[in-house]
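**Q** Quick one: structure below, then a few questions.
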Amino acid sequence: MTTTFPDISINTDRLVLRALEEADAPALAEMMNDELVAAWTGVPQPYTEAAARHWITEHAPTERAEGRGIDLAVTEFLTQRLVGIIQLGNTDWRVRSTEISYIIAPWARGEGYASEAALATAQWLFGDQKFERLELRTAAGNTASQQVAQKIGCISEGVLRNACIARTRTEDGSWADLRTDFIVWGLLPEDLDGVADQMAEAGYSSYTDWS
């Protein structure tokens, strides 16, 4: 039984999802220093280029090699500019289930990139990798992430109370931990029926290919 993800490239009309490269480090560091990323993720602040290079050259390859997940750079097809990250983690190969998370650069928000990248990843997982479940956890106050989950067909399955540590700015400008709830979303292969068509009607391409 396969217990690692392949080195994959996933294409849509607007995006290419591929392995992280060392040249991505400056853009990755800039993205991780954004206020919303700092608030809703656990990445160290400030986030340095050295940390980005470690993620690219050490962390991401190890996650894939050891079967825990895969980290993909999300880039614009035309410009090759890094617009975000898709991560799969906490993978259970027997259950054929994994957890997805996504981050989009501030300049690229509002374009539907997160939904397009997440949907393409889900289509690849269910079609090529024969997975049976994709899970997503969003902080209770992270409405943008929740909207992405709904757009790609996820079903809200419950709340993990006090299970999430978010961050908030203090009066002196530093960050302080803020405990909140996780909303758990699940996506099964049958939940994707009609989702691509709905996104296409909204102006987002439903074309997906992988190699």
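The chains in the structure tokens are called A, B, ... from first to last as shown; in each chain the residues are counted from 1, and the ligands are counted from 1 in the order shown.
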Excluding region 188-198 of chain A and residues on its chain fewer than 5 positions from it, collect all residues at most 10 Å away from it, counting only C-alpha atoms, and give them as a PyMOL selection string.
**A** chain A and resi 97+116+119-120+122-123+125-127+130-135+150-155+203-208
**Q** Kindly save the residues from that selection, with C-alpha atoms included, as a PDB file, in the first residue's frame.
**A**
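What ended up in out.pdb:
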```
ATOM      1  CA  SER A  97      -7.979  10.531   4.978  1.00  0.00           C
ATOM      2  CA  GLU A 116      -9.637  26.932  -6.875  1.00  0.00           C
ATOM      3  CA  LEU A 119     -10.850  22.115  -5.107  1.00  0.00           C
ATOM      4  CA  ALA A 120      -8.108  21.020  -7.525  1.00  0.00           C
ATOM      5  CA  ALA A 122      -9.438  17.546  -3.548  1.00  0.00           C
ATOM      6  CA  GLN A 123     -10.162  16.353  -7.099  1.00  0.00           C
ATOM      7  CA  LEU A 125      -6.851  13.277  -3.928  1.00  0.00           C
ATOM      8  CA  PHE A 126     -10.163  11.593  -4.618  1.00  0.00           C
ATOM      9  CA  GLY A 127      -9.512  10.794  -8.276  1.00  0.00           C
ATOM     10  CA  LYS A 130      -8.295   7.238  -4.137  1.00  0.00           C
ATOM     11  CA  PHE A 131      -8.730   9.054  -0.843  1.00  0.00           C
ATOM     12  CA  GLU A 132     -12.090   8.832   0.905  1.00  0.00           C
ATOM     13  CA  ARG A 133     -12.044  11.869   3.197  1.00  0.00           C
ATOM     14  CA  LEU A 134     -10.566  15.352   3.326  1.00  0.00           C
ATOM     15  CA  GLU A 135     -10.788  17.252   6.604  1.00  0.00           C
ATOM     16  CA  GLN A 150     -18.299  25.958   1.858  1.00  0.00           C
ATOM     17  CA  LYS A 151     -17.420  26.838  -1.739  1.00  0.00           C
ATOM     18  CA  ILE A 152     -15.643  23.520  -2.341  1.00  0.00           C
ATOM     19  CA  GLY A 153     -18.509  21.496  -0.856  1.00  0.00           C
ATOM     20  CA  CYS A 154     -17.284  20.798   2.691  1.00  0.00           C
ATOM     21  CA  ILE A 155     -19.871  19.873   5.305  1.00  0.00           C
ATOM     22  CA  GLY A 203     -16.353  32.625 -13.078  1.00  0.00           C
ATOM     23  CA  TYR A 204     -13.735  30.148 -11.846  1.00  0.00           C
ATOM     24  CA  SER A 205     -12.397  27.414 -14.082  1.00  0.00           C
ATOM     25  CA  SER A 206     -13.317  23.806 -13.364  1.00  0.00           C
ATOM     26  CA  TYR A 207     -10.445  22.450 -15.478  1.00  0.00           C
ATOM     27  CA  THR A 208      -7.936  20.390 -13.509  1.00  0.00           C
TER      28      THR A 208
END
```
**Q** Please list as a compact mmCIF listing (two decimals) with N, CA, C and O atoms, in the first residue's frame every residue within 7 Å of region 83-93 of chain A, counting only C-alpha atoms and excluding residues in the same chain fewer than 5 positions away.
**A**
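Generated file (around.txt):
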```
# COMPACT_ATOMS: atom_id res chain seq x y z
N THR A 3 2.20 4.75 0.87
CA THR A 3 2.11 5.53 2.11
C THR A 3 2.86 6.86 1.99
O THR A 3 3.21 7.45 3.00
N ARG A 68 3.53 11.83 6.06
CA ARG A 68 2.59 12.61 6.86
C ARG A 68 1.75 13.56 6.01
O ARG A 68 0.62 13.89 6.38
N GLY A 69 2.29 14.01 4.88
CA GLY A 69 1.53 14.93 4.05
C GLY A 69 2.36 15.46 2.91
O GLY A 69 3.38 14.87 2.52
N ILE A 70 1.93 16.59 2.37
CA ILE A 70 2.64 17.23 1.27
C ILE A 70 2.34 18.72 1.30
O ILE A 70 1.23 19.14 1.63
N ASP A 71 3.36 19.54 1.00
CA ASP A 71 3.22 20.99 0.94
C ASP A 71 3.40 21.41 -0.51
O ASP A 71 4.40 21.06 -1.15
N LEU A 72 2.46 22.19 -1.02
CA LEU A 72 2.50 22.61 -2.42
C LEU A 72 2.48 24.13 -2.53
O LEU A 72 1.68 24.80 -1.87
N ALA A 73 3.37 24.65 -3.35
CA ALA A 73 3.32 26.07 -3.70
C ALA A 73 2.18 26.28 -4.69
O ALA A 73 1.99 25.49 -5.61
N VAL A 74 1.40 27.34 -4.48
CA VAL A 74 0.34 27.72 -5.41
C VAL A 74 0.84 28.93 -6.18
O VAL A 74 1.12 29.99 -5.59
N THR A 75 0.98 28.80 -7.49
CA THR A 75 1.53 29.87 -8.31
C THR A 75 0.58 30.24 -9.43
O THR A 75 -0.21 29.41 -9.89
N GLU A 76 0.66 31.49 -9.87
CA GLU A 76 -0.11 31.91 -11.04
C GLU A 76 0.46 31.26 -12.29
O GLU A 76 1.68 31.26 -12.50
N THR A 98 -6.97 12.74 4.98
CA THR A 98 -5.92 13.72 5.27
C THR A 98 -6.56 15.06 5.58
O THR A 98 -7.76 15.27 5.31
N GLU A 99 -5.78 15.96 6.16
CA GLU A 99 -6.28 17.28 6.56
C GLU A 99 -5.65 18.35 5.68
O GLU A 99 -4.43 18.35 5.48
N ILE A 100 -6.47 19.25 5.17
CA ILE A 100 -5.99 20.31 4.28
C ILE A 100 -5.98 21.65 5.00
O ILE A 100 -6.81 21.92 5.86
N SER A 101 -4.99 22.46 4.66
CA SER A 101 -4.97 23.86 5.10
C SER A 101 -4.42 24.69 3.94
O SER A 101 -3.76 24.16 3.04
N TYR A 102 -4.69 25.99 3.97
CA TYR A 102 -4.27 26.85 2.87
C TYR A 102 -3.98 28.25 3.39
O TYR A 102 -4.56 28.71 4.37
N ILE A 103 -3.04 28.89 2.73
CA ILE A 103 -2.68 30.28 3.02
C ILE A 103 -2.56 31.00 1.67
O ILE A 103 -1.95 30.47 0.74
N ILE A 104 -3.14 32.17 1.60
CA ILE A 104 -3.07 32.98 0.37
C ILE A 104 -2.41 34.32 0.70
O ILE A 104 -2.73 34.94 1.73
N ALA A 105 -1.50 34.75 -0.15
CA ALA A 105 -0.82 36.03 0.04
C ALA A 105 -1.83 37.17 0.04
O ALA A 105 -2.84 37.11 -0.68
N ALA A 108 -3.18 38.60 -3.21
CA ALA A 108 -3.90 37.69 -4.10
C ALA A 108 -5.28 37.32 -3.58
O ALA A 108 -5.99 36.54 -4.21
```
**Q** Taking only residues of region 3-81 of chain A that have an atom at most 10 Å from an atom of region 168-171 of chain A, what is each one's shortest atom pair and its distance in Å to one decimal, using only C-alpha atoms, in chain and number order, as JSON lines?
**A**
```
{"residue": "A:Glu35", "atom": "CA", "partner": "A:Arg169", "partner_atom": "CA", "distance": 9.2}
{"residue": "A:Leu36", "atom": "CA", "partner": "A:Thr168", "partner_atom": "CA", "distance": 9.7}
{"residue": "A:Ala38", "atom": "CA", "partner": "A:Thr168", "partner_atom": "CA", "distance": 8.6}
{"residue": "A:Ala39", "atom": "CA", "partner": "A:Thr168", "partner_atom": "CA", "distance": 6.0}
{"residue": "A:Trp40", "atom": "CA", "partner": "A:Thr168", "partner_atom": "CA", "distance": 9.0}
```
**Q** Using only all heavy atoms, please write the residues we just selected to a file, as a PDB file, in the first residue's frame.
**A**
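Saved as selection-v3.pdb:
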```pdb
ATOM      1  N   GLU A  35      -0.480  40.025   8.580  1.00  0.00           N
ATOM      2  CA  GLU A  35      -1.230  40.089   9.831  1.00  0.00           C
ATOM      3  C   GLU A  35      -2.237  38.946   9.979  1.00  0.00           C
ATOM      4  O   GLU A  35      -2.350  38.335  11.053  1.00  0.00           O
ATOM      5  CB  GLU A  35      -1.967  41.428   9.935  1.00  0.00           C
ATOM      6  CG  GLU A  35      -1.069  42.617  10.179  1.00  0.00           C
ATOM      7  CD  GLU A  35      -0.633  42.721  11.633  1.00  0.00           C
ATOM      8  OE1 GLU A  35      -1.484  42.699  12.521  1.00  0.00           O
ATOM      9  OE2 GLU A  35       0.588  42.801  11.856  1.00  0.00           O
ATOM     10  N   LEU A  36      -2.982  38.638   8.929  1.00  0.00           N
ATOM     11  CA  LEU A  36      -3.993  37.588   9.031  1.00  0.00           C
ATOM     12  C   LEU A  36      -3.357  36.210   9.154  1.00  0.00           C
ATOM     13  O   LEU A  36      -3.874  35.342   9.871  1.00  0.00           O
ATOM     14  CB  LEU A  36      -4.939  37.635   7.826  1.00  0.00           C
ATOM     15  CG  LEU A  36      -5.895  38.823   7.776  1.00  0.00           C
ATOM     16  CD1 LEU A  36      -6.766  38.754   6.532  1.00  0.00           C
ATOM     17  CD2 LEU A  36      -6.763  38.873   9.028  1.00  0.00           C
ATOM     18  N   ALA A  38      -0.489  35.627  10.571  1.00  0.00           N
ATOM     19  CA  ALA A  38      -0.006  35.574  11.949  1.00  0.00           C
ATOM     20  C   ALA A  38      -1.139  35.307  12.930  1.00  0.00           C
ATOM     21  O   ALA A  38      -0.975  34.578  13.912  1.00  0.00           O
ATOM     22  CB  ALA A  38       0.693  36.887  12.305  1.00  0.00           C
ATOM     23  N   ALA A  39      -2.313  35.891  12.664  1.00  0.00           N
ATOM     24  CA  ALA A  39      -3.443  35.749  13.582  1.00  0.00           C
ATOM     25  C   ALA A  39      -4.017  34.337  13.586  1.00  0.00           C
ATOM     26  O   ALA A  39      -4.391  33.817  14.639  1.00  0.00           O
ATOM     27  CB  ALA A  39      -4.538  36.753  13.219  1.00  0.00           C
ATOM     28  N   TRP A  40      -4.075  33.681  12.415  1.00  0.00           N
ATOM     29  CA  TRP A  40      -4.813  32.421  12.308  1.00  0.00           C
ATOM     30  C   TRP A  40      -3.932  31.190  12.181  1.00  0.00           C
ATOM     31  O   TRP A  40      -4.448  30.076  12.051  1.00  0.00           O
ATOM     32  CB  TRP A  40      -5.786  32.478  11.134  1.00  0.00           C
ATOM     33  CG  TRP A  40      -6.836  33.533  11.268  1.00  0.00           C
ATOM     34  CD1 TRP A  40      -7.064  34.574  10.414  1.00  0.00           C
ATOM     35  CD2 TRP A  40      -7.815  33.671  12.314  1.00  0.00           C
ATOM     36  NE1 TRP A  40      -8.108  35.346  10.861  1.00  0.00           N
ATOM     37  CE2 TRP A  40      -8.587  34.808  12.024  1.00  0.00           C
ATOM     38  CE3 TRP A  40      -8.100  32.929  13.464  1.00  0.00           C
ATOM     39  CZ2 TRP A  40      -9.623  35.233  12.847  1.00  0.00           C
ATOM     40  CZ3 TRP A  40      -9.136  33.360  14.286  1.00  0.00           C
ATOM     41  CH2 TRP A  40      -9.891  34.485  13.969  1.00  0.00           C
TER      42      TRP A  40
END
```
**Q** Find the spatial neighbours of Thr41 (chain A), counting only C-alpha atoms, within a cut-off of 12 Å - ignore same-chain residues fewer than 2 positions away - and output them as a CSV table (one decimal) with C-alpha atoms, in the first residue's frame.
**A**
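The resulting part_37.csv:
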```
chain,number,residue,atom,x,y,z
A,31,MET,CA,3.5,35.9,3.0
A,32,MET,CA,4.0,34.5,6.4
A,33,ASN,CA,4.5,37.9,8.0
A,34,ASP,CA,1.1,39.1,7.0
A,35,GLU,CA,-1.2,40.1,9.8
A,36,LEU,CA,-4.0,37.6,9.0
A,37,VAL,CA,-1.5,34.7,8.6
A,38,ALA,CA,0.0,35.6,11.9
A,39,ALA,CA,-3.4,35.7,13.6
A,43,VAL,CA,4.0,30.3,12.3
A,44,PRO,CA,6.7,32.1,14.2
A,45,GLN,CA,6.6,35.9,14.1
A,47,TYR,CA,9.0,34.9,9.9
A,101,SER,CA,-5.0,23.9,5.1
A,102,TYR,CA,-4.3,26.9,2.9
A,103,ILE,CA,-2.7,30.3,3.0
A,137,ARG,CA,-10.3,22.8,10.6
A,138,THR,CA,-11.0,26.5,10.8
A,139,ALA,CA,-10.8,28.8,13.8
A,142,ASN,CA,-11.8,32.8,10.5
A,145,SER,CA,-11.4,30.2,5.5
A,164,CYS,CA,-7.5,26.3,18.7
A,165,ILE,CA,-4.9,28.9,19.7
A,166,ALA,CA,-5.2,32.0,17.5
A,167,ARG,CA,-3.3,35.3,18.1
A,168,THR,CA,-4.3,38.8,18.7
A,177,ASP,CA,-2.4,33.9,22.3
A,178,LEU,CA,-6.2,33.8,22.0
```
**Q** Find, counting only C-alpha atoms, the residue in A:Asp172, A:Gly158, A:Thr79, A:Glu58 that gets nearest to Val184 (chain A).
**A**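 Among the listed residues, A:Gly158 lies closest to Val184 (chain A).
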**Q** Could you tell me how far CA of Asn11 (chain A) sits from CA of His54 (chain A), in Å to one decimal place?
**A**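 CA of Asn11 (chain A) lies at a distance of 25.8 Å from CA of His54 (chain A).
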**Q** Mind listing the strand (DSSP E) residues of region 5-208 of chain A, per DSSP on the backbone, as an MDAnalysis selection string?
**A** chainID A and resid 10:11 15:19 70:76 82:92 97:104 133:139 155:169 175:187
**Q** Got time to write the residues from that selection, C-alpha atoms, as a PDB file, in the first residue's frame?
**A**
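Writing the result to result00.pdb gives the following:
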```pdb
ATOM      1  CA  ILE A  10      -1.580  20.107 -10.379  1.00  0.00           C
ATOM      2  CA  ASN A  11      -2.793  22.571 -13.007  1.00  0.00           C
ATOM      3  CA  LEU A  15      -2.867  28.133 -11.220  1.00  0.00           C
ATOM      4  CA  VAL A  16      -0.038  25.644 -10.947  1.00  0.00           C
ATOM      5  CA  LEU A  17       0.391  23.716  -7.692  1.00  0.00           C
ATOM      6  CA  ARG A  18       3.917  22.317  -7.421  1.00  0.00           C
ATOM      7  CA  ALA A  19       6.669  21.448  -4.956  1.00  0.00           C
ATOM      8  CA  ILE A  70       2.642  17.231   1.268  1.00  0.00           C
ATOM      9  CA  ASP A  71       3.220  20.988   0.940  1.00  0.00           C
ATOM     10  CA  LEU A  72       2.496  22.606  -2.425  1.00  0.00           C
ATOM     11  CA  ALA A  73       3.319  26.067  -3.702  1.00  0.00           C
ATOM     12  CA  VAL A  74       0.340  27.721  -5.411  1.00  0.00           C
ATOM     13  CA  THR A  75       1.533  29.874  -8.309  1.00  0.00           C
ATOM     14  CA  GLU A  76      -0.114  31.910 -11.038  1.00  0.00           C
ATOM     15  CA  LEU A  82       3.713  32.594  -5.586  1.00  0.00           C
ATOM     16  CA  VAL A  83       0.142  33.279  -4.471  1.00  0.00           C
ATOM     17  CA  GLY A  84      -0.181  30.782  -1.646  1.00  0.00           C
ATOM     18  CA  ILE A  85       0.404  27.407  -0.052  1.00  0.00           C
ATOM     19  CA  ILE A  86      -1.675  24.237   0.134  1.00  0.00           C
ATOM     20  CA  GLN A  87      -0.756  21.772   2.875  1.00  0.00           C
ATOM     21  CA  LEU A  88      -1.950  18.231   3.479  1.00  0.00           C
ATOM     22  CA  GLY A  89      -1.090  16.740   6.864  1.00  0.00           C
ATOM     23  CA  ASN A  90      -2.077  14.261   9.568  1.00  0.00           C
ATOM     24  CA  THR A  91      -2.571  11.704   6.810  1.00  0.00           C
ATOM     25  CA  ASP A  92      -4.062   8.303   7.674  1.00  0.00           C
ATOM     26  CA  SER A  97      -7.979  10.531   4.978  1.00  0.00           C
ATOM     27  CA  THR A  98      -5.922  13.719   5.266  1.00  0.00           C
ATOM     28  CA  GLU A  99      -6.278  17.279   6.558  1.00  0.00           C
ATOM     29  CA  ILE A 100      -5.989  20.305   4.280  1.00  0.00           C
ATOM     30  CA  SER A 101      -4.966  23.860   5.098  1.00  0.00           C
ATOM     31  CA  TYR A 102      -4.266  26.852   2.867  1.00  0.00           C
ATOM     32  CA  ILE A 103      -2.681  30.278   3.015  1.00  0.00           C
ATOM     33  CA  ILE A 104      -3.074  32.977   0.375  1.00  0.00           C
ATOM     34  CA  ARG A 133     -12.044  11.869   3.197  1.00  0.00           C
ATOM     35  CA  LEU A 134     -10.566  15.352   3.326  1.00  0.00           C
ATOM     36  CA  GLU A 135     -10.788  17.252   6.604  1.00  0.00           C
ATOM     37  CA  LEU A 136     -10.453  20.959   7.305  1.00  0.00           C
ATOM     38  CA  ARG A 137     -10.334  22.813  10.610  1.00  0.00           C
ATOM     39  CA  THR A 138     -11.034  26.532  10.768  1.00  0.00           C
ATOM     40  CA  ALA A 139     -10.824  28.843  13.768  1.00  0.00           C
ATOM     41  CA  ILE A 155     -19.871  19.873   5.305  1.00  0.00           C
ATOM     42  CA  SER A 156     -19.632  21.358   8.795  1.00  0.00           C
ATOM     43  CA  GLU A 157     -19.418  18.379  11.128  1.00  0.00           C
ATOM     44  CA  GLY A 158     -19.064  19.938  14.565  1.00  0.00           C
ATOM     45  CA  VAL A 159     -17.078  22.146  16.907  1.00  0.00           C
ATOM     46  CA  LEU A 160     -13.977  21.307  18.917  1.00  0.00           C
ATOM     47  CA  ARG A 161     -14.376  23.641  21.867  1.00  0.00           C
ATOM     48  CA  ASN A 162     -11.286  25.544  23.046  1.00  0.00           C
ATOM     49  CA  ALA A 163      -9.116  23.458  20.702  1.00  0.00           C
ATOM     50  CA  CYS A 164      -7.526  26.303  18.720  1.00  0.00           C
ATOM     51  CA  ILE A 165      -4.880  28.851  19.662  1.00  0.00           C
ATOM     52  CA  ALA A 166      -5.161  31.973  17.517  1.00  0.00           C
ATOM     53  CA  ARG A 167      -3.300  35.253  18.089  1.00  0.00           C
ATOM     54  CA  THR A 168      -4.310  38.844  18.653  1.00  0.00           C
ATOM     55  CA  ARG A 169      -2.407  42.116  18.763  1.00  0.00           C
ATOM     56  CA  TRP A 175       1.144  39.131  19.725  1.00  0.00           C
ATOM     57  CA  ALA A 176      -0.796  37.339  22.463  1.00  0.00           C
ATOM     58  CA  ASP A 177      -2.389  33.891  22.311  1.00  0.00           C
ATOM     59  CA  LEU A 178      -6.169  33.764  22.040  1.00  0.00           C
ATOM     60  CA  ARG A 179      -7.982  30.501  22.757  1.00  0.00           C
ATOM     61  CA  THR A 180     -10.987  29.769  20.561  1.00  0.00           C
ATOM     62  CA  ASP A 181     -12.942  26.921  18.980  1.00  0.00           C
ATOM     63  CA  PHE A 182     -12.182  24.848  15.888  1.00  0.00           C
ATOM     64  CA  ILE A 183     -14.966  24.202  13.379  1.00  0.00           C
ATOM     65  CA  VAL A 184     -14.431  20.797  11.758  1.00  0.00           C
ATOM     66  CA  TRP A 185     -15.353  20.376   8.094  1.00  0.00           C
ATOM     67  CA  GLY A 186     -15.401  17.137   6.115  1.00  0.00           C
ATOM     68  CA  LEU A 187     -15.329  16.521   2.373  1.00  0.00           C
TER      69      LEU A 187
END
```
**Q** Which of these residues is nearest to Glu111 (chain A), using only C-alpha atoms: A:Arg14, A:Ser174, A:Arg96, A:Gln129?
**A**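 So, comparing all the options, the nearest one is A:Arg14.
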**Q** Once DSSP has gone over the backbone, tell me which residues of region 23-193 of chain A are in helix (DSSP H, G or I), as a ChimeraX atom specification.
**A** /A:23-32,35-40,49-65,106-108,113-127,143-151,189-192
**Q** For Pro26 (chain A), please output as number ranges by chain all residues within 10 Å (counting only C-alpha atoms; exclusion window: fewer than 6 positions along the same chain).
**A** A: 48-50, 52-53, 82
**Q** Looking at only C-alpha atoms, which of A:Arg94, A:Thr121, A:Leu28, A:Arg109 is the one that sits closest to Gly67 (chain A)?
**A**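 Comparing A:Arg94, A:Thr121, A:Leu28, A:Arg109 against Gly67 (chain A), the winner is A:Arg94.
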**Q** Point out the residue among A:Leu78, A:Ala149, A:Ile56, A:Ala144 with the least atom-to-atom distance to Ala27 (chain A), counting only C-alpha atoms.
**A**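 Ranking A:Leu78, A:Ala149, A:Ile56, A:Ala144 by distance to Ala27 (chain A), first place goes to A:Ile56.
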